[in-house]
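One file, run30.csv, is given below (CSV, C-alpha atoms).
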```
chain,number,residue,atom,x,y,z
X,1,MET,CA,28.1,144.1,53.9
X,2,LYS,CA,28.6,140.5,52.8
X,3,ARG,CA,30.1,140.0,49.4
X,4,MET,CA,27.0,138.2,48.3
X,5,VAL,CA,24.7,140.7,46.6
X,6,LYS,CA,21.1,140.0,46.3
X,7,THR,CA,19.8,139.4,42.8
X,8,TRP,CA,17.7,142.6,43.1
X,9,VAL,CA,20.5,144.1,41.1
X,10,LEU,CA,19.4,142.0,38.1
X,11,GLY,CA,16.3,144.2,37.9
X,12,LEU,CA,18.5,147.3,37.4
X,13,ALA,CA,18.7,146.9,33.7
X,14,ALA,CA,18.7,150.6,32.9
X,15,ILE,CA,22.1,152.2,32.7
X,16,MET,CA,22.4,155.4,34.6
X,17,ALA,CA,23.5,158.1,32.2
X,18,LEU,CA,25.4,160.8,34.0
X,19,VAL,CA,26.6,163.4,31.5
X,20,CYS,CA,28.7,165.9,33.3
X,21,LEU,CA,28.6,169.4,32.0
X,22,LEU,CA,32.1,170.6,32.5
X,23,ALA,CA,34.3,173.6,31.8
X,24,PRO,CA,36.0,174.0,28.4
X,25,ARG,CA,38.8,171.5,27.7
X,26,ALA,CA,42.1,172.1,29.4
X,27,ALA,CA,45.4,171.9,27.6
X,28,ALA,CA,46.4,168.5,29.0
X,29,GLN,CA,44.7,165.5,27.4
X,30,GLY,CA,45.6,162.7,29.8
X,31,ASP,CA,45.2,164.2,33.3
X,32,GLY,CA,41.4,163.8,33.8
X,33,SER,CA,40.0,161.6,36.5
X,34,ILE,CA,36.9,159.8,37.9
X,35,THR,CA,36.7,159.6,41.6
X,36,GLY,CA,34.0,158.9,44.2
X,37,GLN,CA,32.7,156.7,47.0
X,38,LEU,CA,30.6,153.6,46.6
X,39,PHE,CA,27.8,152.8,49.0
X,40,ASP,CA,25.9,149.5,49.5
X,41,VAL,CA,22.2,148.9,49.8
X,42,ALA,CA,22.3,149.9,53.5
X,43,GLY,CA,23.9,153.2,52.5
X,44,LYS,CA,27.2,152.2,54.1
X,45,PRO,CA,30.7,152.5,52.4
X,46,TRP,CA,31.2,149.4,50.3
X,47,ALA,CA,34.7,148.0,50.5
X,48,GLU,CA,36.7,145.7,48.2
X,49,ILE,CA,34.3,146.0,45.2
X,50,GLY,CA,35.9,145.9,41.7
X,51,MET,CA,35.6,149.0,39.5
X,52,GLN,CA,36.4,149.5,35.8
X,53,ALA,CA,36.6,152.6,33.7
X,54,VAL,CA,36.4,151.9,29.9
X,55,SER,CA,36.9,154.5,27.2
X,56,GLU,CA,35.0,154.6,23.9
X,57,GLN,CA,38.2,153.3,22.3
X,58,GLY,CA,38.3,150.3,24.7
X,59,ALA,CA,41.1,151.4,26.9
X,60,LYS,CA,40.4,150.0,30.4
X,61,GLN,CA,41.6,150.8,33.9
X,62,GLU,CA,40.7,148.6,36.9
X,63,THR,CA,40.7,149.2,40.7
X,64,LYS,CA,38.9,148.2,43.9
X,65,THR,CA,37.2,150.4,46.5
X,66,ASP,CA,39.2,150.9,49.7
X,67,LYS,CA,37.9,150.2,53.2
X,68,ASP,CA,35.8,153.4,53.1
X,69,GLY,CA,34.4,152.6,49.7
X,70,ASN,CA,36.6,155.2,47.9
X,71,TYR,CA,38.0,154.7,44.4
X,72,ALA,CA,39.8,156.7,41.8
X,73,PHE,CA,40.8,156.5,38.1
X,74,ARG,CA,43.5,159.0,37.1
X,75,ASN,CA,45.4,160.0,34.0
X,76,LEU,CA,42.4,159.6,31.8
X,77,ARG,CA,42.1,161.1,28.3
X,78,SER,CA,39.2,163.3,27.6
X,79,GLY,CA,36.1,161.5,26.3
X,80,VAL,CA,33.1,159.5,27.3
X,81,TYR,CA,33.7,156.6,29.7
X,82,THR,CA,31.6,153.7,31.0
X,83,LEU,CA,32.1,153.1,34.7
X,84,PHE,CA,31.4,149.5,35.8
X,85,VAL,CA,30.7,148.5,39.3
X,86,ILE,CA,31.7,144.8,39.4
X,87,LEU,CA,29.0,143.2,41.6
X,88,PRO,CA,29.4,139.7,43.1
X,89,ALA,CA,28.0,136.8,40.9
X,90,PRO,CA,25.5,136.2,39.6
X,91,ASN,CA,24.8,139.9,39.2
X,92,PRO,CA,25.9,141.6,36.0
X,93,PRO,CA,28.1,144.8,36.4
X,94,TYR,CA,26.2,148.0,37.0
X,95,GLU,CA,27.1,150.6,34.4
X,96,ILE,CA,27.3,154.4,34.6
X,97,LYS,CA,28.1,156.6,31.6
X,98,CYS,CA,30.1,159.9,32.2
X,99,ARG,CA,32.3,162.4,30.4
X,100,VAL,CA,35.9,163.1,31.4
X,101,GLN,CA,37.5,166.4,30.6
X,102,GLY,CA,41.3,166.9,30.7
X,103,GLY,CA,42.4,168.6,33.8
X,104,GLN,CA,39.1,168.0,35.5
X,105,GLU,CA,37.9,165.6,38.2
X,106,THR,CA,34.6,163.8,37.6
X,107,LYS,CA,32.9,162.9,40.8
X,108,ILE,CA,30.6,159.8,40.8
X,109,SER,CA,29.4,158.2,44.0
X,110,PRO,CA,26.9,155.4,43.3
X,111,ASN,CA,24.6,154.8,46.3
X,112,PHE,CA,22.8,151.5,46.0
X,113,LYS,CA,20.4,152.3,48.8
X,114,GLU,CA,19.2,155.2,46.7
X,115,ILE,CA,19.3,153.2,43.5
X,116,VAL,CA,17.2,150.4,44.9
X,117,GLY,CA,14.9,152.9,46.6
X,118,LYS,CA,14.1,154.4,43.2
X,119,GLN,CA,12.9,151.1,42.0
X,120,GLY,CA,10.0,151.4,44.4
X,121,ALA,CA,8.2,148.8,46.5
X,122,GLU,CA,8.6,146.1,43.9
X,123,ALA,CA,12.4,146.1,44.2
X,124,ALA,CA,12.2,146.0,48.0
X,125,GLU,CA,9.8,143.1,47.8
X,126,GLN,CA,12.1,141.3,45.5
X,127,VAL,CA,15.0,141.8,47.9
X,128,LYS,CA,12.9,140.4,50.7
X,129,LYS,CA,11.8,137.4,48.6
X,130,GLN,CA,15.4,136.6,47.7
X,131,GLU,CA,16.4,136.6,51.4
X,132,GLU,CA,13.5,134.3,52.2
X,133,GLU,CA,14.4,131.9,49.3
X,134,LYS,CA,18.0,131.8,50.6
X,135,LYS,CA,16.9,131.0,54.1
X,136,LYS,CA,14.6,128.3,52.8
X,137,PHE,CA,17.4,126.7,50.7
X,138,GLU,CA,19.7,126.6,53.7
X,139,GLY,CA,17.0,125.0,55.8
X,140,MET,CA,16.3,122.5,53.0
X,141,LYS,CA,20.0,121.6,52.9
X,142,GLU,CA,20.2,121.1,56.7
X,143,HIS,CA,17.1,118.7,56.7
X,144,PHE,CA,18.4,116.8,53.7
X,145,ALA,CA,21.8,116.2,55.3
X,146,ALA,CA,20.1,115.0,58.5
X,147,ALA,CA,17.8,112.7,56.6
X,148,THR,CA,20.6,111.3,54.5
X,149,ALA,CA,22.5,110.4,57.7
X,150,LEU,CA,19.4,108.8,59.2
X,151,LEU,CA,18.8,106.8,56.0
X,152,GLU,CA,22.3,105.2,56.3
X,153,GLN,CA,21.4,104.2,59.9
X,154,GLU,CA,18.1,102.8,58.6
X,155,LYS,CA,19.8,100.7,56.1
X,156,ALA,CA,22.2,99.3,58.8
X,157,ALA,CA,19.1,98.5,60.9
X,158,LYS,CA,17.5,96.6,58.1
X,159,ALA,CA,20.7,94.6,57.7
X,160,GLU,CA,20.7,93.9,61.4
X,161,LEU,CA,17.1,92.7,61.2
X,162,GLN,CA,17.9,90.3,58.5
X,163,LYS,CA,20.6,88.7,60.6
X,164,ALA,CA,18.7,88.9,63.9
X,165,ALA,CA,17.9,85.8,66.0
X,166,PRO,CA,14.2,85.0,66.4
X,167,ASP,CA,14.1,86.4,69.9
X,168,GLN,CA,15.7,89.6,68.7
X,169,ARG,CA,13.5,90.3,65.7
X,170,ASP,CA,10.8,92.3,67.4
X,171,ALA,CA,13.3,94.7,68.8
X,172,ALA,CA,15.1,94.9,65.5
X,173,LYS,CA,11.8,95.6,63.7
X,174,ALA,CA,10.9,98.4,66.2
X,175,LYS,CA,14.3,100.0,65.7
X,176,LEU,CA,13.9,99.9,61.9
X,177,LEU,CA,10.4,101.4,62.0
X,178,ASP,CA,11.6,104.2,64.3
X,179,LEU,CA,14.5,105.1,62.1
X,180,SER,CA,12.2,104.9,59.0
X,181,THR,CA,9.8,107.4,60.6
X,182,GLN,CA,12.6,109.8,61.6
X,183,THR,CA,14.2,109.6,58.1
X,184,ALA,CA,10.8,110.2,56.4
X,185,ALA,CA,10.1,113.2,58.7
X,186,GLU,CA,13.4,114.8,57.8
X,187,PHE,CA,13.0,114.4,54.1
X,188,THR,CA,9.4,115.8,54.4
X,189,ALA,CA,10.8,118.8,56.4
X,190,ALA,CA,13.3,119.3,53.5
X,191,GLN,CA,10.5,119.4,51.0
X,192,LYS,CA,8.6,122.0,53.0
X,193,ALA,CA,11.7,124.1,53.5
X,194,ALA,CA,12.7,124.0,49.8
X,195,PRO,CA,12.3,127.2,47.8
X,196,GLU,CA,9.0,127.6,45.9
X,197,LYS,CA,10.4,126.7,42.5
X,198,ASP,CA,13.1,124.3,43.6
X,199,THR,CA,14.0,121.8,40.9
X,200,ASN,CA,15.2,119.2,43.4
X,201,GLN,CA,11.7,118.1,44.4
X,202,HIS,CA,12.0,114.9,42.4
X,203,LEU,CA,15.1,113.9,44.3
X,204,LEU,CA,13.4,114.7,47.7
X,205,TRP,CA,10.4,112.6,46.7
X,206,ALA,CA,12.7,109.7,45.6
X,207,LYS,CA,14.7,109.8,48.8
X,208,LEU,CA,11.5,109.8,50.8
X,209,GLY,CA,10.4,106.8,48.8
X,210,GLU,CA,13.7,105.1,49.7
X,211,ALA,CA,13.2,105.8,53.4
X,212,TYR,CA,9.8,104.1,53.3
X,213,ASP,CA,11.1,101.4,51.0
X,214,VAL,CA,13.9,100.4,53.3
X,215,GLY,CA,11.5,100.4,56.2
X,216,GLY,CA,9.2,97.9,54.3
X,217,ARG,CA,6.4,100.5,54.0
X,218,ASN,CA,5.3,99.6,50.5
X,219,ASP,CA,2.2,101.7,50.1
X,220,GLU,CA,3.9,104.9,51.3
X,221,ALA,CA,7.0,104.1,49.2
X,222,ALA,CA,4.9,103.6,46.1
X,223,GLU,CA,3.2,107.0,46.6
X,224,ALA,CA,6.5,108.8,47.1
X,225,TYR,CA,8.0,107.2,44.0
X,226,LYS,CA,4.9,108.2,42.0
X,227,GLN,CA,5.5,111.8,43.1
X,228,ALA,CA,9.2,111.6,42.2
X,229,VAL,CA,8.2,110.4,38.7
X,230,THR,CA,5.7,113.2,38.3
X,231,ALA,CA,8.2,115.9,39.4
X,232,ALA,CA,11.0,114.4,37.2
X,233,GLU,CA,8.8,114.2,34.1
X,234,ALA,CA,8.3,118.0,34.3
X,235,ILE,CA,12.1,118.4,33.7
X,236,PRO,CA,13.0,117.4,30.1
X,237,SER,CA,16.7,116.8,31.0
X,238,LEU,CA,15.8,114.0,33.4
X,239,LYS,CA,13.9,111.9,30.8
X,240,GLY,CA,16.6,109.2,30.8
X,241,PRO,CA,18.4,106.9,33.3
X,242,GLN,CA,17.3,108.9,36.4
X,243,LEU,CA,13.6,108.9,35.5
X,244,ALA,CA,13.9,105.2,34.5
X,245,GLY,CA,15.4,104.6,38.0
X,246,TYR,CA,12.4,106.2,39.6
X,247,TYR,CA,10.0,104.0,37.6
X,248,ASN,CA,12.1,101.0,38.4
X,249,ASN,CA,11.9,101.7,42.2
X,250,LEU,CA,8.2,102.2,41.9
X,251,GLY,CA,7.9,98.8,40.1
X,252,ASN,CA,9.9,97.1,42.8
X,253,VAL,CA,7.6,98.2,45.6
X,254,LEU,CA,4.4,97.5,43.6
X,255,ALA,CA,5.6,94.0,42.7
X,256,ARG,CA,6.5,93.4,46.4
X,257,ALA,CA,3.0,94.5,47.3
X,258,GLY,CA,1.5,92.0,44.8
X,259,LYS,CA,0.2,94.7,42.4
X,260,VAL,CA,1.6,92.9,39.4
X,261,ASP,CA,-0.2,94.8,36.7
X,262,ASP,CA,0.8,98.2,38.2
X,263,ALA,CA,4.3,97.0,38.6
X,264,LYS,CA,4.4,95.8,35.0
X,265,ALA,CA,3.3,99.3,33.8
X,266,ALA,CA,6.1,100.9,35.9
X,267,TYR,CA,8.8,98.6,34.6
X,268,THR,CA,7.5,99.1,31.0
X,269,LYS,CA,7.9,102.9,31.4
X,270,SER,CA,11.4,102.4,32.8
X,271,ALA,CA,12.3,100.4,29.7
X,272,GLU,CA,10.8,103.0,27.4
X,273,VAL,CA,12.5,106.0,28.8
X,274,ASP,CA,15.9,104.3,29.0
X,275,PRO,CA,16.0,101.6,26.2
X,276,ALA,CA,19.7,101.0,26.8
X,277,ASN,CA,18.9,99.5,30.2
X,278,ALA,CA,15.5,97.9,29.3
X,279,ALA,CA,17.0,94.4,30.1
X,280,THR,CA,17.7,95.6,33.7
X,281,ALA,CA,14.1,96.8,34.1
X,282,TRP,CA,12.6,93.5,33.0
X,283,ARG,CA,15.2,91.5,35.1
X,284,ASN,CA,14.3,93.5,38.2
X,285,PHE,CA,10.7,92.9,37.5
X,286,GLY,CA,11.4,89.2,37.3
X,287,ILE,CA,13.5,89.2,40.5
X,288,SER,CA,10.8,91.1,42.4
X,289,LEU,CA,8.2,88.6,41.4
X,290,TYR,CA,10.5,85.7,42.1
X,291,ASN,CA,11.4,87.0,45.6
X,292,ALA,CA,7.6,87.4,46.2
X,293,ASN,CA,7.2,83.7,45.3
X,294,ARG,CA,5.2,84.6,42.2
X,295,LEU,CA,7.3,82.4,39.9
X,296,ALA,CA,4.6,81.9,37.3
X,297,ASP,CA,4.3,85.7,36.9
X,298,ALA,CA,8.1,86.1,36.8
X,299,ILE,CA,8.5,84.0,33.6
X,300,GLU,CA,7.4,86.7,31.1
X,301,PRO,CA,9.6,89.5,32.3
X,302,LEU,CA,12.6,87.1,32.7
X,303,GLN,CA,12.1,85.9,29.1
X,304,LYS,CA,12.2,89.5,28.0
X,305,ALA,CA,15.3,90.2,30.1
X,306,THR,CA,17.2,87.2,28.6
X,307,GLU,CA,16.2,88.2,25.1
X,308,LEU,CA,17.5,91.7,25.6
X,309,ASP,CA,20.6,90.6,27.5
X,310,PRO,CA,21.6,87.0,26.6
X,311,LYS,CA,24.7,87.1,28.7
X,312,ASN,CA,23.2,87.5,32.1
X,313,ALA,CA,23.5,84.2,34.1
X,314,GLN,CA,21.2,85.3,36.9
X,315,ALA,CA,18.3,86.0,34.6
X,316,PHE,CA,18.7,82.6,32.9
X,317,TYR,CA,18.9,80.8,36.2
X,318,LEU,CA,15.8,82.5,37.6
X,319,LEU,CA,14.0,81.8,34.3
X,320,GLY,CA,14.8,78.1,34.6
X,321,ALA,CA,13.6,78.1,38.2
X,322,SER,CA,10.4,79.9,37.4
X,323,LEU,CA,9.6,77.6,34.5
X,324,LEU,CA,9.5,74.8,37.0
X,325,MET,CA,6.1,76.2,38.0
X,326,LYS,CA,4.8,74.9,34.6
X,327,MET,CA,6.2,71.4,35.1
X,328,THR,CA,3.5,68.7,34.9
X,329,THR,CA,3.4,64.9,35.0
X,330,LYS,CA,2.0,62.5,32.5
X,331,ARG,CA,0.9,59.0,33.3
X,332,VAL,CA,2.8,56.4,31.2
X,333,GLY,CA,1.8,52.9,32.0
X,334,ASP,CA,1.9,52.6,35.8
X,335,LYS,CA,4.3,55.5,36.3
X,336,ASP,CA,4.0,59.3,36.3
X,337,GLN,CA,6.6,61.0,34.0
X,338,VAL,CA,7.8,64.5,34.6
X,339,GLN,CA,6.9,66.9,31.7
X,340,LEU,CA,9.0,70.1,31.8
X,341,ALA,CA,7.9,73.4,30.3
X,342,PRO,CA,9.8,74.2,27.0
X,343,GLY,CA,12.9,76.1,27.7
X,344,THR,CA,13.5,75.0,31.3
X,345,VAL,CA,16.6,72.9,30.6
X,346,GLU,CA,17.9,75.4,28.1
X,347,ALA,CA,17.7,78.2,30.6
X,348,TYR,CA,19.5,76.3,33.3
X,349,GLN,CA,22.2,75.2,30.8
X,350,LYS,CA,22.7,78.7,29.6
X,351,ALA,CA,23.3,79.8,33.2
X,352,VAL,CA,25.9,77.1,33.6
X,353,ASP,CA,27.6,78.1,30.4
X,354,LEU,CA,27.6,81.8,31.3
X,355,ASP,CA,28.7,81.3,35.0
X,356,PRO,CA,30.5,78.0,35.2
X,357,ASN,CA,32.4,78.9,38.4
X,358,GLY,CA,29.9,81.3,39.9
X,359,PRO,CA,26.8,81.0,42.1
X,360,TRP,CA,24.3,81.1,39.4
X,361,GLY,CA,26.0,78.4,37.3
X,362,ALA,CA,26.3,76.3,40.4
X,363,GLN,CA,22.6,76.6,41.3
X,364,ALA,CA,21.6,75.9,37.7
X,365,LYS,CA,23.8,72.8,37.6
X,366,GLN,CA,22.2,71.6,40.8
X,367,GLY,CA,18.8,72.2,39.3
X,368,LEU,CA,19.6,70.1,36.3
X,369,THR,CA,20.9,67.3,38.6
X,370,ASP,CA,17.7,67.4,40.6
X,371,LEU,CA,15.6,67.2,37.5
X,372,GLN,CA,17.5,64.3,36.2
X,373,ALA,CA,17.0,62.5,39.6
X,374,MET,CA,13.3,63.1,39.2
X,375,GLY,CA,13.3,61.3,35.9
X,376,ALA,CA,12.7,64.4,33.8
X,377,GLY,CA,14.3,62.8,30.8
X,378,ILE,CA,17.4,65.0,30.8
X,379,ASP,CA,20.4,63.6,29.0
X,380,ALA,CA,23.1,63.0,31.6
X,381,LYS,CA,25.6,64.7,29.3
X,382,VAL,CA,23.8,68.0,29.5
X,383,ASN,CA,24.9,69.1,33.0
X,384,MET,CA,28.2,67.3,32.7
X,385,LYS,CA,29.3,69.4,29.8
X,386,LYS,CA,33.0,70.4,29.9
X,387,LYS,CA,33.7,73.9,30.9
X,388,LYS,CA,35.0,76.2,28.2
X,389,SER,CA,38.6,77.2,28.5
```

I need this file expressed as structure tokens, please.
Amino acid sequence: MKRMVKTWVLGLAAIMALVCLLAPRAAAQGDGSITGQLFDVAGKPWAEIGMQAVSEQGAKQETKTDKDGNYAFRNLRSGVYTLFVILPAPNPPYEIKCRVQGGQETKISPNFKEIVGKQGAEAAEQVKKQEEEKKKFEGMKEHFAAATALLEQEKAAKAELQKAAPDQRDAAKAKLLDLSTQTAAEFTAAQKAAPEKDTNQHLLWAKLGEAYDVGGRNDEAAEAYKQAVTAAEAIPSLKGPQLAGYYNNLGNVLARAGKVDDAKAAYTKSAEVDPANAATAWRNFGISLYNANRLADAIEPLQKATELDPKNAQAFYLLGASLLMKMTTKRVGDKDQVQLAPGTVEAYQKAVDLDPNGPWGAQAKQGLTDLQAMGAGIDAKVNMKKKKS
């Protein structure tokens, strides 16, 4: 019998009261005993199970059953005792009340096969259900582990695709699609194998979304992330950074698919459920739109991001670059003069100030130089500003 005991024992709430009718008290007060043999749910001797005998005054003796399930408590004073069978976690101890008489041996042999049998068909069904749930959980873990390993391979394949030479791209795409399909199949199998009321469904949906996302399958990724959001919202403790992350991922794929309004709604929810990281949500929205070459749409979320986090050089650089979409020209005499959208130069300059020696500062500085060459009316001193020590 494995040490793991099924949670059918949880249903045995009633305490068996065994009141032994014994002969009159013997002269000795401390030579009573409780002995017996413990049997498991199969009716076989149950070895190495903890036992306790506790008197009404709180005096306690402890022992374990031997290889044949036998146990004994000796040198007990007369009185009423509670015998505890210490069942493996998460089950509570099983209690039996009995009376000990000095000079007498009290025999108690709990047989859990009989105990469970007395609970009727309901208890037997519960045991069966617990076994099934355990098997499902183990199956879910196996599929999840396989899917996680495949997801790492999928990410590596995507990196290879991005570096692949033109004549190798078709093969790299096929490899990525195949791995994405395998990964999604394993995460789906994990979902089906999960116990009926498993609270990890939100994670399984999110990982499935990631598998589709890495594979560039935006519609399928969006649907999986929506399911992750729904499952997570049903768990109050997840209404924070984790839920915000699911909304953020949903916004990423929606923006990539060109569904700007839907993406904005997802990023807005991300910011609402995790206000501390709202700037990140809006910045990610701006980045997604920028990467999709929707620079005009990227302006608003990037403005929000810079307002909430005025120390992020990347957001300021992307804002300046996006504002170029609003650049116009004005005819002055026989020449066209460049007219920049308000805030363009300031955004670039802020990126330079925040990241003077980094990539964003360098790109922003180059942007200012290019604008100056175009005759945008930028003071030459702006992008020649001395670096702060």

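From atom CA of Ala298 of chain X back to atom CA of Lys326 of chain X, the distance works out to 11.9 Å.
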
- Item | Within 6 Å of segment 183-185 of chain X using all atoms listed in the file, minus same-chain residues under 2 positions, as a PyMOL selection string | chain X and resi 147+150-151+180-181+187-188+208+211

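Relative to atom CA of Trp282 of chain X, atom CA of Lys269 of chain X is found at 10.6 Å.
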
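You will find atom CA of Phe39 of chain X at 22.6 Å from atom CA of Lys60 of chain X.
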
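Using all atoms listed in the file for every distance, the candidate list X:Lys207, X:Ile115, X:Tyr94, X:Gln168 yields X:Lys207 as the residue closest to Phe144 of chain X.
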
| request: List the neighbours of segment 285-289 of chain X out to 10 Å using all atoms listed in the file; skip same-chain residues closer than 5 positions along the sequence, and give me the result as a ChimeraX atom specification. | output: /X:248,251-258,260,263-264,266-268,279-280,294-305,314-315,318-319,322

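Among X:Trp360, X:Trp46, X:Tyr247, X:Tyr225, the residue with the shortest atom-to-atom distance to Gly69 of chain X, counting all atoms listed in the file, is X:Trp46.
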
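With all atoms listed in the file as the basis for measurement, X:Ala347 is the residue among X:Ala228, X:Ala53, X:Ala276, X:Ala347 that approaches Pro310 of chain X most closely.
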
Listing only residues of segment 99-173 of chain X within 10 Å of segment 70-86 of chain X, what is the closest atom pair and its distance in Å (to one decimal) for each, using all atoms listed in the file, sorted by chain and residue number ascending, as JSON lines?
```
{"residue": "X:Arg99", "atom": "CA", "partner": "X:Val80", "partner_atom": "CA", "distance": 4.3}
{"residue": "X:Val100", "atom": "CA", "partner": "X:Ser78", "partner_atom": "CA", "distance": 5.0}
{"residue": "X:Gln101", "atom": "CA", "partner": "X:Ser78", "partner_atom": "CA", "distance": 4.6}
{"residue": "X:Gly102", "atom": "CA", "partner": "X:Ser78", "partner_atom": "CA", "distance": 5.2}
{"residue": "X:Gly103", "atom": "CA", "partner": "X:Ser78", "partner_atom": "CA", "distance": 8.8}
{"residue": "X:Gln104", "atom": "CA", "partner": "X:Ser78", "partner_atom": "CA", "distance": 9.2}
{"residue": "X:Glu105", "atom": "CA", "partner": "X:Arg74", "partner_atom": "CA", "distance": 8.7}
{"residue": "X:Thr106", "atom": "CA", "partner": "X:Phe73", "partner_atom": "CA", "distance": 9.6}
{"residue": "X:Lys107", "atom": "CA", "partner": "X:Ala72", "partner_atom": "CA", "distance": 9.3}
{"residue": "X:Ile108", "atom": "CA", "partner": "X:Leu83", "partner_atom": "CA", "distance": 9.2}
{"residue": "X:Ser109", "atom": "CA", "partner": "X:Asn70", "partner_atom": "CA", "distance": 8.7}
{"residue": "X:Pro110", "atom": "CA", "partner": "X:Val85", "partner_atom": "CA", "distance": 8.8}
```

(request) For Gly50 of chain X, work out the shell of residues within 8 Å, counting all atoms listed in the file and skipping chain neighbours fewer than 6 positions away, then give it as JSON, numbers by chain. (result) {"X": [62, 63, 64, 65, 85, 86, 87]}

Store the residues picked out above in a file with C-alpha atoms, as an mmCIF file, in the coordinates of the input.
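Result file follows (selection_0.cif):
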```
data_model
loop_
_atom_site.group_PDB
_atom_site.id
_atom_site.type_symbol
_atom_site.label_atom_id
_atom_site.label_comp_id
_atom_site.auth_asym_id
_atom_site.auth_seq_id
_atom_site.Cartn_x
_atom_site.Cartn_y
_atom_site.Cartn_z
ATOM 1 C CA GLU X 62 40.700 148.600 36.900
ATOM 2 C CA THR X 63 40.700 149.200 40.700
ATOM 3 C CA LYS X 64 38.900 148.200 43.900
ATOM 4 C CA THR X 65 37.200 150.400 46.500
ATOM 5 C CA VAL X 85 30.700 148.500 39.300
ATOM 6 C CA ILE X 86 31.700 144.800 39.400
ATOM 7 C CA LEU X 87 29.000 143.200 41.600
#
```
